[in-house]
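Visitor: Got a structure for you, written out below as structure tokens; questions coming shortly.
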Amino acid sequence: MITALLAAAAVAATGCDLERPSGEPGCLRAAVDALPMTALQVVGTHNSYKEPIAPAEMKLLRAASPRTADSLDYSHPTLTAQLDAGARQLELDLVRDPEGGRWTRPLGLRMAGGGDYDAGPMASPGLKVMHVPDIDYRSVCPTFRACLEEVRAWSDRNPDHLPLLIMMNLKDEQITVPGATPLLPFDAAGMDEVDAEIRAVFGASRLITPDQVRASQATLAEAVRRGGWPSIGSARGKVFFAVDEGPKKVALYARDRPSLEGRAAFVNTDRFDAPYAAYVTLNEPARDALRIVEALGRGMVVRTRADADTVEARTGDRGRPAAAFASGAQYISTDYMTPDLRLSDFVVTLPGGGTARRAPLPGPARPAP
């Protein structure tokens with residue numbers, strides 16, 4: 001054990017791709033694999049499923065609200081392409097459709113007088129993946145099952161990959177546009193449906209779950225404080241999930257399961273004293289710098305964002321990505337793994353290149369003014 005720790009300490013903080021160690025001094029596979037998975041830092045994508053809004057529908061949206069249109073004017077290629085490019089965190093927004101057919105003719109499509117839209121996947125029952133139902137609804141993988149199966153197929157082809165984080169937003173807030181389809185609540189049955197879909201695609205041997213991390217500790221939070229996350233070597237080829245929601249939905253998902261016993265996913269929480277505190281989303285890396293440091297000190301996994309709402313791509317401001325990488329957060333999310341040259345050459349890549357590096361130890365942090 002001591003030898004492994006010493007070897008891990010010798011891994012260079014920069015210049016070593018943790019996914020594909022070079023074998024050079026300071027970048028040995030054995031040393032890398034001995035590191036805890038919380039020691040890595042990778043790039044991922046925000047709303048990873050999102051296709052562009054159709055031109056006719058974007059024209060209508062821009063006429064109604066130019067600012068909203070700007071904020072929604074981004075997209076991603078297939079999940080496979082993102083993973084091939086080095087994304088090690090994905091984000092999926094889910095809506096319930098237990099009987100099928102709720103979004104075969106979305107409102108935006110009807111308002112624009114029709115257009116090119118494959119409604120076939122929307123006809124079958126099951127969780128659907130979309131950003132703003134009826135408005136920004138096009139997805140590279142329209143169903144949750146299709147998204148998961150695509151990730152599973154990629155993982156099967158790349159069994160040495162670093163642990164993939166898949167964040168989930170569970171959408172049931174109603175769209176305040178006349179004629180929009182009402183959203184169904186993520187009640188207890190909805191939460192169980194999410195878990196069932198995950199386990200149907202990823203068996204126990206491919207998942208990192210709260211029960212595995214907690215092991216024999218009294219709570220999940222205690223386990224991560226004591227280094228309960230698996231090593232990089234043990235986490236290769238595996239996926240873990242996080243419910244990225246506020247307190248109300250988190251409480252429902254964790255109901256009667258104080259450490260998420262039996263659940264497939266971790267949960268976001270701003271209560272670092274909660275028994276299930278193991279993961280947190282802190283999306284403002286400058287403003288949230290002190291909280292990120294605190295979360296990391298408690299052994300938690302942290303996701304932050306390098307850009308949002310196309311602002312950085314339009315302004316060229318690189319302060320936010322710099323703050324994100326310097327924060328020490330493990331998962332840095334972006335809409336620009338490749339630039340959108342309609343806007344600028346803004347792009348977010350891991351400092352030093354590669355797929356993963358050792359997360360830097362954040363220095364003294366001050367909140368943004």
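Chain labels follow the order of the structure tokens: the first chain is A, the next B, and so on; residue numbering restarts at 1 in every chain, and ligands are counted from 1 in their shown order.
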Could you list, as a list in words, every residue within 8 Å of Leu252 in chain A, counting only C-alpha atoms and ignoring same-chain residues fewer than 2 positions away?
Guide: Asp187, Ala188, Met191, Lys248, Lys249, Val250, Ala254 and Arg255 of chain A
Visitor: How would the residues just picked look written out with N, CA, C and O atoms as a compact mmCIF listing (two decimals), in the first residue's frame?
Guide:
```txt
# COMPACT_ATOMS: atom_id res chain seq x y z
N ASP A 187 -42.09 11.79 -9.99
CA ASP A 187 -42.50 11.30 -8.69
C ASP A 187 -41.69 10.05 -8.36
O ASP A 187 -40.69 9.74 -9.03
N ALA A 188 -42.10 9.32 -7.34
CA ALA A 188 -41.35 8.13 -6.94
C ALA A 188 -41.24 7.12 -8.08
O ALA A 188 -40.18 6.52 -8.31
N MET A 191 -38.61 8.32 -10.53
CA MET A 191 -37.25 8.09 -10.05
C MET A 191 -36.84 6.63 -10.23
O MET A 191 -35.71 6.33 -10.66
N LYS A 248 -35.54 19.53 -3.64
CA LYS A 248 -36.83 18.84 -3.64
C LYS A 248 -36.73 17.50 -4.38
O LYS A 248 -37.15 16.45 -3.85
N LYS A 249 -36.18 17.49 -5.57
CA LYS A 249 -36.06 16.25 -6.31
C LYS A 249 -35.01 15.33 -5.72
O LYS A 249 -35.16 14.10 -5.71
N VAL A 250 -33.95 15.91 -5.20
CA VAL A 250 -32.93 15.09 -4.54
C VAL A 250 -33.54 14.36 -3.35
O VAL A 250 -33.30 13.17 -3.14
N ALA A 254 -33.76 10.37 -2.87
CA ALA A 254 -33.10 9.78 -1.71
C ALA A 254 -34.08 9.37 -0.61
O ALA A 254 -33.65 8.95 0.47
N ARG A 255 -35.35 9.43 -0.87
CA ARG A 255 -36.37 9.16 0.16
C ARG A 255 -36.15 7.78 0.79
O ARG A 255 -36.05 6.77 0.09
```
Visitor: Just how far from CA of Asp93 in chain A is CA of His131 in chain A, in Å to one decimal?
Guide: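 Going from CA of His131 in chain A over to CA of Asp93 in chain A covers 6.0 Å.
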Visitor: Counting only C-alpha atoms, what is within 7 Å of Val201 in chain A, bar same-chain residues fewer than 3 positions away, as a VMD selection string?
Guide: chain A and resid 148 to 149 197 to 198
Visitor: Could you give me, as a PyMOL selection string, the residues within 10 Å of Thr78 in chain A, counting only C-alpha atoms and dropping anything in the same chain fewer than 6 positions from it?
Guide: chain A and resi 48-51+84+139-141+147+150
Visitor: Hey, which of A:Gly179, A:Leu94, A:Glu19, A:Tyr117 ends up closest to Asn158 in chain A? Count only C-alpha atoms.
Guide: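 Going through A:Gly179, A:Leu94, A:Glu19, A:Tyr117 one by one, the smallest distance to Asn158 in chain A is for A:Glu19.
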Visitor: Looking only at helix (DSSP H, G or I) from DSSP on the backbone, list the matching residues of range 17-73 of chain A as a list in words.
Guide: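 Of range 17-73 of chain A, only Arg29, Ala30, Ala31, Val32, Asp33, Ala34, Met37, Thr38, Ala39, Pro55, Ala56, Glu57, Met58, Lys59, Leu60, Leu61, Arg62, Ala63, Ala64, Pro66, Arg67, Thr68, Ala69, Asp70 and Ser71 of chain A fall in helix (DSSP H, G or I).
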Visitor: Go through A:Ala54, A:Val347, A:Met167, A:Val302 one by one, measure the shortest atom-to-atom distance of each to Asp317 in chain A using only C-alpha atoms, and give the residue with the smallest value.
Guide: A:Val347
Visitor: Env of Ala85 in chain A: 10 Å cut, atoms = only C-alpha atoms, seq-sep filter 6 positions within chain, self excluded. Answer as a short mmCIF file (atom, residue, chain, number, x, y, z; two decimals) with N, CA, C and O atoms, in the first residue's frame.
Guide:
```cif
data_model
loop_
_atom_site.label_atom_id
_atom_site.label_comp_id
_atom_site.auth_asym_id
_atom_site.auth_seq_id
_atom_site.Cartn_x
_atom_site.Cartn_y
_atom_site.Cartn_z
N VAL A 43 -12.39 17.03 -19.35
CA VAL A 43 -13.38 17.89 -19.99
C VAL A 43 -14.61 17.07 -20.34
O VAL A 43 -14.50 15.90 -20.73
N GLY A 44 -15.78 17.67 -20.19
CA GLY A 44 -17.02 17.04 -20.60
C GLY A 44 -17.89 18.03 -21.33
O GLY A 44 -17.47 19.16 -21.62
N LEU A 79 -22.99 11.40 -29.35
CA LEU A 79 -22.27 11.07 -28.11
C LEU A 79 -20.99 10.32 -28.42
O LEU A 79 -19.96 10.54 -27.78
N MET A 337 -16.08 21.92 -27.15
CA MET A 337 -14.91 21.08 -27.35
C MET A 337 -14.30 21.34 -28.73
O MET A 337 -13.11 21.09 -28.95
N THR A 338 -15.12 21.81 -29.65
CA THR A 338 -14.66 22.34 -30.92
C THR A 338 -15.31 23.71 -31.09
O THR A 338 -16.41 23.96 -30.58
N GLY A 354 -4.25 16.13 -24.19
CA GLY A 354 -4.62 14.81 -23.69
C GLY A 354 -6.06 14.76 -23.22
O GLY A 354 -6.82 15.73 -23.33
N THR A 355 -6.44 13.61 -22.68
CA THR A 355 -7.80 13.39 -22.21
C THR A 355 -7.97 13.72 -20.74
O THR A 355 -9.04 14.18 -20.33
#
```
Visitor: Find, counting only C-alpha atoms, the residue in A:Gln41, A:Ser22, A:Thr310, A:Ser216 that gets nearest to Ser327 in chain A.
Guide: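 Nearest to Ser327 in chain A: A:Gln41.
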Visitor: Which residues are near Arg226 in chain A? Cut-off 12 Å, only C-alpha atoms, ignore same chain within fewer than 4 positions. Put them as a PyMOL selection string.
Guide: chain A and resi 36+213-222+230+278+297-300
Visitor: Dump all heavy atoms for the selected residues as a short mmCIF file (atom, residue, chain, number, x, y, z; two decimals), in the first residue's frame?
Guide:
```
data_model
loop_
_atom_site.label_atom_id
_atom_site.label_comp_id
_atom_site.auth_asym_id
_atom_site.auth_seq_id
_atom_site.Cartn_x
_atom_site.Cartn_y
_atom_site.Cartn_z
N PRO A 36 -6.50 7.84 -6.71
CA PRO A 36 -7.97 7.80 -6.60
C PRO A 36 -8.58 8.50 -7.80
O PRO A 36 -7.98 9.42 -8.38
CB PRO A 36 -8.24 8.58 -5.30
CG PRO A 36 -7.06 9.50 -5.17
CD PRO A 36 -5.88 8.74 -5.72
N VAL A 213 -19.31 2.70 -3.22
CA VAL A 213 -18.42 3.69 -2.62
C VAL A 213 -18.56 3.71 -1.11
O VAL A 213 -17.57 3.82 -0.38
CB VAL A 213 -18.69 5.09 -3.23
CG1 VAL A 213 -17.91 6.18 -2.49
CG2 VAL A 213 -18.33 5.10 -4.72
N ARG A 214 -19.78 3.57 -0.62
CA ARG A 214 -20.00 3.59 0.83
C ARG A 214 -19.39 2.37 1.50
O ARG A 214 -18.80 2.46 2.58
CB ARG A 214 -21.50 3.65 1.13
CG ARG A 214 -21.81 3.67 2.64
CD ARG A 214 -23.29 3.93 2.86
NE ARG A 214 -24.13 2.93 2.20
CZ ARG A 214 -24.47 1.77 2.76
NH1 ARG A 214 -24.04 1.45 3.97
NH2 ARG A 214 -25.23 0.92 2.10
N ALA A 215 -19.51 1.20 0.86
CA ALA A 215 -18.94 -0.04 1.39
C ALA A 215 -19.38 -0.23 2.85
O ALA A 215 -20.57 -0.25 3.14
CB ALA A 215 -17.44 -0.05 1.23
N SER A 216 -18.43 -0.31 3.75
CA SER A 216 -18.76 -0.60 5.15
C SER A 216 -18.89 0.64 6.02
O SER A 216 -19.13 0.53 7.23
CB SER A 216 -17.69 -1.52 5.75
OG SER A 216 -16.43 -0.88 5.74
N GLN A 217 -18.74 1.82 5.44
CA GLN A 217 -18.84 3.05 6.23
C GLN A 217 -20.29 3.34 6.61
O GLN A 217 -21.23 2.89 5.94
CB GLN A 217 -18.25 4.23 5.46
CG GLN A 217 -16.77 4.09 5.14
CD GLN A 217 -15.92 4.04 6.41
OE1 GLN A 217 -16.21 4.72 7.40
NE2 GLN A 217 -14.87 3.23 6.37
N ALA A 218 -20.47 4.12 7.64
CA ALA A 218 -21.81 4.41 8.14
C ALA A 218 -22.62 5.22 7.13
O ALA A 218 -23.83 5.01 6.98
CB ALA A 218 -21.73 5.15 9.47
N THR A 219 -22.00 6.17 6.45
CA THR A 219 -22.68 7.00 5.47
C THR A 219 -21.81 7.14 4.23
O THR A 219 -20.59 6.94 4.27
CB THR A 219 -22.98 8.41 6.01
OG1 THR A 219 -21.75 9.12 6.20
CG2 THR A 219 -23.75 8.35 7.33
N LEU A 220 -22.45 7.53 3.15
CA LEU A 220 -21.72 7.79 1.91
C LEU A 220 -20.76 8.96 2.09
O LEU A 220 -19.61 8.92 1.62
CB LEU A 220 -22.72 8.07 0.79
CG LEU A 220 -22.15 8.35 -0.60
CD1 LEU A 220 -21.29 7.20 -1.10
CD2 LEU A 220 -23.30 8.64 -1.58
N ALA A 221 -21.21 10.01 2.78
CA ALA A 221 -20.35 11.17 3.00
C ALA A 221 -19.10 10.78 3.79
O ALA A 221 -17.98 11.25 3.49
CB ALA A 221 -21.13 12.26 3.73
N GLU A 222 -19.25 9.94 4.79
CA GLU A 222 -18.10 9.49 5.57
C GLU A 222 -17.16 8.68 4.69
O GLU A 222 -15.93 8.80 4.78
CB GLU A 222 -18.57 8.66 6.75
CG GLU A 222 -17.44 8.12 7.64
CD GLU A 222 -16.69 9.22 8.38
OE1 GLU A 222 -17.21 10.36 8.47
OE2 GLU A 222 -15.57 8.95 8.87
N PRO A 230 -13.23 4.72 -5.86
CA PRO A 230 -12.25 3.72 -6.33
C PRO A 230 -11.02 4.37 -6.95
O PRO A 230 -11.03 5.57 -7.30
CB PRO A 230 -13.04 2.93 -7.39
CG PRO A 230 -14.17 3.80 -7.79
CD PRO A 230 -14.50 4.64 -6.59
N ALA A 278 -21.65 13.32 -1.75
CA ALA A 278 -20.48 12.75 -2.42
C ALA A 278 -20.20 13.45 -3.74
O ALA A 278 -19.09 13.34 -4.28
CB ALA A 278 -20.69 11.26 -2.68
N GLY A 297 -12.09 19.12 -0.40
CA GLY A 297 -11.52 18.75 0.89
C GLY A 297 -12.32 17.66 1.59
O GLY A 297 -11.78 16.93 2.43
N ARG A 298 -13.59 17.54 1.25
CA ARG A 298 -14.45 16.49 1.82
C ARG A 298 -14.44 15.22 0.97
O ARG A 298 -15.21 14.29 1.24
CB ARG A 298 -15.88 17.01 1.97
CG ARG A 298 -16.03 18.09 3.03
CD ARG A 298 -17.44 18.67 3.01
NE ARG A 298 -17.65 19.65 4.07
CZ ARG A 298 -18.16 19.39 5.27
NH1 ARG A 298 -18.51 18.14 5.56
NH2 ARG A 298 -18.32 20.34 6.16
N GLY A 299 -13.63 15.19 -0.07
CA GLY A 299 -13.53 14.00 -0.90
C GLY A 299 -14.60 13.89 -1.96
O GLY A 299 -14.78 12.82 -2.55
N MET A 300 -15.32 14.97 -2.25
CA MET A 300 -16.43 14.92 -3.18
C MET A 300 -15.95 15.07 -4.63
O MET A 300 -14.87 15.60 -4.89
CB MET A 300 -17.44 16.03 -2.85
CG MET A 300 -18.05 15.90 -1.46
SD MET A 300 -19.09 17.30 -0.99
CE MET A 300 -20.51 17.04 -2.05
#
```
Visitor: Using DSSP on the backbone, list every residue of range 231-313 of chain A that comes out as strand (DSSP E or B), and give them as JSON, numbers by chain.
Guide: {"A": [231, 239, 240, 241, 242, 243, 265, 266, 267, 268, 279, 280, 281, 301, 302, 303, 304, 305]}
Visitor: For the residues in that selection, give me N, CA and C atoms as a PDB file, in the first residue's frame.
Guide:
```pdb
ATOM      1  N   SER A 231      -9.974   3.605  -7.072  1.00  0.00           N
ATOM      2  CA  SER A 231      -8.778   4.058  -7.767  1.00  0.00           C
ATOM      3  C   SER A 231      -9.069   4.185  -9.259  1.00  0.00           C
ATOM      4  N   VAL A 239     -18.872   3.587 -15.512  1.00  0.00           N
ATOM      5  CA  VAL A 239     -19.700   4.776 -15.650  1.00  0.00           C
ATOM      6  C   VAL A 239     -20.357   5.059 -14.313  1.00  0.00           C
ATOM      7  N   PHE A 240     -20.503   6.340 -13.964  1.00  0.00           N
ATOM      8  CA  PHE A 240     -21.315   6.668 -12.800  1.00  0.00           C
ATOM      9  C   PHE A 240     -22.239   7.825 -13.135  1.00  0.00           C
ATOM     10  N   PHE A 241     -23.354   7.875 -12.431  1.00  0.00           N
ATOM     11  CA  PHE A 241     -24.432   8.796 -12.740  1.00  0.00           C
ATOM     12  C   PHE A 241     -24.667   9.740 -11.561  1.00  0.00           C
ATOM     13  N   ALA A 242     -25.154  10.936 -11.890  1.00  0.00           N
ATOM     14  CA  ALA A 242     -25.511  11.899 -10.849  1.00  0.00           C
ATOM     15  C   ALA A 242     -26.820  12.577 -11.223  1.00  0.00           C
ATOM     16  N   VAL A 243     -27.750  12.620 -10.285  1.00  0.00           N
ATOM     17  CA  VAL A 243     -28.981  13.382 -10.440  1.00  0.00           C
ATOM     18  C   VAL A 243     -28.646  14.834 -10.108  1.00  0.00           C
ATOM     19  N   ALA A 265     -27.647   6.124  -8.848  1.00  0.00           N
ATOM     20  CA  ALA A 265     -26.965   7.397  -9.083  1.00  0.00           C
ATOM     21  C   ALA A 265     -26.636   8.112  -7.780  1.00  0.00           C
ATOM     22  N   PHE A 266     -25.640   8.966  -7.863  1.00  0.00           N
ATOM     23  CA  PHE A 266     -25.328   9.914  -6.806  1.00  0.00           C
ATOM     24  C   PHE A 266     -26.237  11.129  -6.995  1.00  0.00           C
ATOM     25  N   VAL A 267     -26.200  12.070  -6.065  1.00  0.00           N
ATOM     26  CA  VAL A 267     -27.063  13.245  -6.172  1.00  0.00           C
ATOM     27  C   VAL A 267     -26.264  14.510  -5.909  1.00  0.00           C
ATOM     28  N   ASN A 268     -26.710  15.576  -6.544  1.00  0.00           N
ATOM     29  CA  ASN A 268     -26.162  16.896  -6.267  1.00  0.00           C
ATOM     30  C   ASN A 268     -26.678  17.374  -4.904  1.00  0.00           C
ATOM     31  N   TYR A 279     -21.203  14.152  -4.258  1.00  0.00           N
ATOM     32  CA  TYR A 279     -21.108  14.818  -5.555  1.00  0.00           C
ATOM     33  C   TYR A 279     -21.766  16.184  -5.447  1.00  0.00           C
ATOM     34  N   VAL A 280     -21.228  17.183  -6.193  1.00  0.00           N
ATOM     35  CA  VAL A 280     -21.854  18.500  -6.215  1.00  0.00           C
ATOM     36  C   VAL A 280     -21.594  19.171  -7.556  1.00  0.00           C
ATOM     37  N   THR A 281     -22.613  19.867  -8.031  1.00  0.00           N
ATOM     38  CA  THR A 281     -22.496  20.735  -9.201  1.00  0.00           C
ATOM     39  C   THR A 281     -22.313  22.161  -8.718  1.00  0.00           C
ATOM     40  N   VAL A 301     -16.765  14.602  -5.542  1.00  0.00           N
ATOM     41  CA  VAL A 301     -16.576  14.856  -6.967  1.00  0.00           C
ATOM     42  C   VAL A 301     -17.314  16.155  -7.305  1.00  0.00           C
ATOM     43  N   VAL A 302     -16.650  17.021  -8.081  1.00  0.00           N
ATOM     44  CA  VAL A 302     -17.204  18.341  -8.407  1.00  0.00           C
ATOM     45  C   VAL A 302     -17.257  18.516  -9.919  1.00  0.00           C
ATOM     46  N   ARG A 303     -18.373  19.018 -10.390  1.00  0.00           N
ATOM     47  CA  ARG A 303     -18.495  19.450 -11.784  1.00  0.00           C
ATOM     48  C   ARG A 303     -18.693  20.957 -11.805  1.00  0.00           C
ATOM     49  N   THR A 304     -17.965  21.638 -12.701  1.00  0.00           N
ATOM     50  CA  THR A 304     -18.169  23.061 -12.932  1.00  0.00           C
ATOM     51  C   THR A 304     -18.209  23.307 -14.424  1.00  0.00           C
ATOM     52  N   ARG A 305     -18.501  24.565 -14.807  1.00  0.00           N
ATOM     53  CA  ARG A 305     -18.663  24.889 -16.227  1.00  0.00           C
ATOM     54  C   ARG A 305     -17.647  25.930 -16.679  1.00  0.00           C
TER      55      ARG A 305
END
```
Visitor: Can you pull out the residues contacting Leu109 in chain A? Cut-off 8 Å, using only C-alpha atoms, and skip same-chain residues under 6 positions away; I want them as a ChimeraX atom specification.
Guide: /A:57,115,134
Visitor: Record the distance separating CA of Pro285 in chain A and CA of His46 in chain A, expressed in Å with one decimal.
Guide: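 Value for the CA of Pro285 in chain A-CA of His46 in chain A distance: 15.0 Å.
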Visitor: If you measure from CA of Pro178 in chain A to CA of Gly190 in chain A, what distance in Å do you get, rounded to one decimal?
Guide: 25.3 Å
Visitor: Smallest atom-to-atom distance to Ser234 in chain A: which of A:Ala359, A:Ala69, A:Ala146, A:Leu207, using only C-alpha atoms?
Guide: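 Selected residue with least distance to Ser234 in chain A: A:Leu207.
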Visitor: Rank nothing, just name the residue among A:Gly227, A:Pro339, A:Pro362, A:Gly352 nearest to Ser75 in chain A, using only C-alpha atoms.
Guide: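 Between A:Gly227, A:Pro339, A:Pro362, A:Gly352, the residue approaching Ser75 in chain A most closely is A:Pro339.
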Visitor: Which residue gives the smallest distance to Leu361 in chain A among A:Thr209, A:Ser65, A:Ser155, A:Thr38, with only C-alpha atoms counted?
Guide: A:Thr38
